[in-house]
Amino acid sequence: MNLTLYGVDIWSVALVFARVGAMVMLIPGFGEPAIPARVRLGFALMLAMAVAPNLAGHAPAPANSAFGMAGQVGLETMIGLMLGGAARMLMSSLATAGQIAGTEIGIAFAQITDPTINQSGQIVSVFLSVMGVALIFATGLDRMFLQGIVGSYDLIALGARVPVGDAAQLALDTAASSFRVGFQIAMPVIAAGMIFRVGLAVLARLIPQIQVFFVVLPLQVMGGFAVFALGLSAGMLMWLDSLQSYSTWLR
């Protein structure tokens with residue numbers, strides 16, 4: 001079956017767009033919900049048209065029926081969702097770190113609008129999310145992810161079946177890495193909070209007449225922000241390293 005239009009192989013473009021579109025909708029930076037879906041899909045279509053000529057020779061032949069062709073496109077979409085979803089899970093480590101840090105600082109119930117998802121969120125998590133997106137574009141990780149999209153065809157060939165076992169292992173490893181990085185970002189605040197609470201407990205035993213936990217709440221918030229600021233640079237570097245490792249693996 002010959003599917004061409006003005007010399008363009010429509011079938012190979014459709015297959016490539018299925019995977020590229022799914023990944024662009026999810027990868028950090030380009031796949032933020034604040035970016036309109038039409039803009040993301042339009043960018044994915046242009047990227048697919050640029051990549052498809054180099055992959056046309058490796059594209060499988062279209063099936064004889066419409067359902068078969070839809071199945072082939074669906075497989076490519078599932079692969080894109082698998083690879084893009086793993087990258088999106090690494091972004092969730094910032095939300096984990098923000099929730100932990102906010103609880104330790106004492107502002108867990110402080111909410112603010114998150115411009116990256118157009119919803120309200122915990123204030124520390126929102127701050128980390130905005131900073132994370134800014135760092136992705138400032139450090140060039142956005143280009144590495146675009147290279148990773150193209151390199152994914154060396155990892156999983158065009159038209160190959162979905163590696164279900166590898167996909168499950170990838171999800172487990174990515175979820176574990178996401179939680180570990182989020183805990184590491186919040187670790188200075190956790191350690192300082194434990195020491196602070198032990199000191200308060202000793203003070204409460206020495207001076208039982210004072211309501212210690214109410215008197216020192218401003219000190220807890222101020223000290224928590226100070227410790228969080230001191231450890232933020234190292235934590236964000238660890239998070240960027242996890243994203244870079246995944247994008248390098250894709251390439």
# chains A, B, ... in the order shown; residues from 1 in each chain; ligands from 1

$ residues_around --residues "Leu41 (chain A)" --least-positions-apart "4" --cutoff "7 Å" --atoms "only C-alpha atoms" --output "list of chain:residue names"
A:Gly21, A:Ala37, A:Leu45

$ select_by_dssp --residues "region 72-120 of chain A" --states "strand (DSSP E)" --output "ChimeraX atom specification"
/A:111-114,119-120

$ select_by_dssp --residues "region 2-247 of chain A" --states "alpha helix (DSSP H)" --output "VMD selection string"
chain A and resid 10 to 24 37 to 55 66 to 105 123 to 139 141 to 155 164 to 206 212 to 215 217 to 247

$ atom_distance --atom1 "CA of Ser125 (chain A)" --atom2 "CA of Gly102 (chain A)"
7.9 Å

$ closest_residue --among "A:Gly98, A:Gly235, A:Pro208, A:Gly106" --to "Gly193 (chain A)" --atoms "only C-alpha atoms"
A:Gly106

$ residues_around --residues "region 183-192 of chain A" --least-positions-apart "6" --cutoff "7 Å" --atoms "only C-alpha atoms" --output "PyMOL selection string"
chain A and resi 97+100-101+104+224+227-228+231-232+235-236

$ residues_around --residues "Tyr153 (chain A)" --least-positions-apart "5" --cutoff "10 Å" --atoms "only C-alpha atoms" --output "PDB file with C-alpha atoms, in the first residue's frame"
ATOM      1  CA  VAL A  16       6.530   8.739  14.090  1.00  0.00           C
ATOM      2  CA  ARG A  19       5.291   8.250  19.484  1.00  0.00           C
ATOM      3  CA  LEU A  55      13.091   6.528   9.588  1.00  0.00           C
ATOM      4  CA  HIS A  58      12.668   1.244   8.862  1.00  0.00           C
ATOM      5  CA  GLY A 148      16.239  11.643  23.497  1.00  0.00           C
ATOM      6  CA  LEU A 158       9.914   1.834  14.898  1.00  0.00           C
ATOM      7  CA  GLY A 159       7.082  -0.685  14.699  1.00  0.00           C
ATOM      8  CA  ALA A 160       8.414  -2.887  17.519  1.00  0.00           C
ATOM      9  CA  LEU A 250      17.158   7.721  25.857  1.00  0.00           C
ATOM     10  CA  ARG A 251      19.845   9.041  23.529  1.00  0.00           C
TER      11      ARG A 251
END

$ residues_around --residues "region 82-88 of chain A" --least-positions-apart "5" --cutoff "6 Å" --atoms "only C-alpha atoms" --output "number ranges by chain"
A: 23, 26-27

$ residues_around --residues "Met144 (chain A)" --least-positions-apart "3" --cutoff "9 Å" --atoms "only C-alpha atoms" --output "list in words"
Gly140, Leu141, Gln147, Gly148, Ile149, Gln244, Ser247, Thr248 and Arg251 of chain A

$ closest_residue --among "A:Met131, A:Val162, A:Val73, A:Val198" --to "Leu240 (chain A)" --atoms "only C-alpha atoms"
A:Met131

$ atom_distance --atom1 "CA of Gly80 (chain A)" --atom2 "CA of Ala22 (chain A)"
4.9 Å
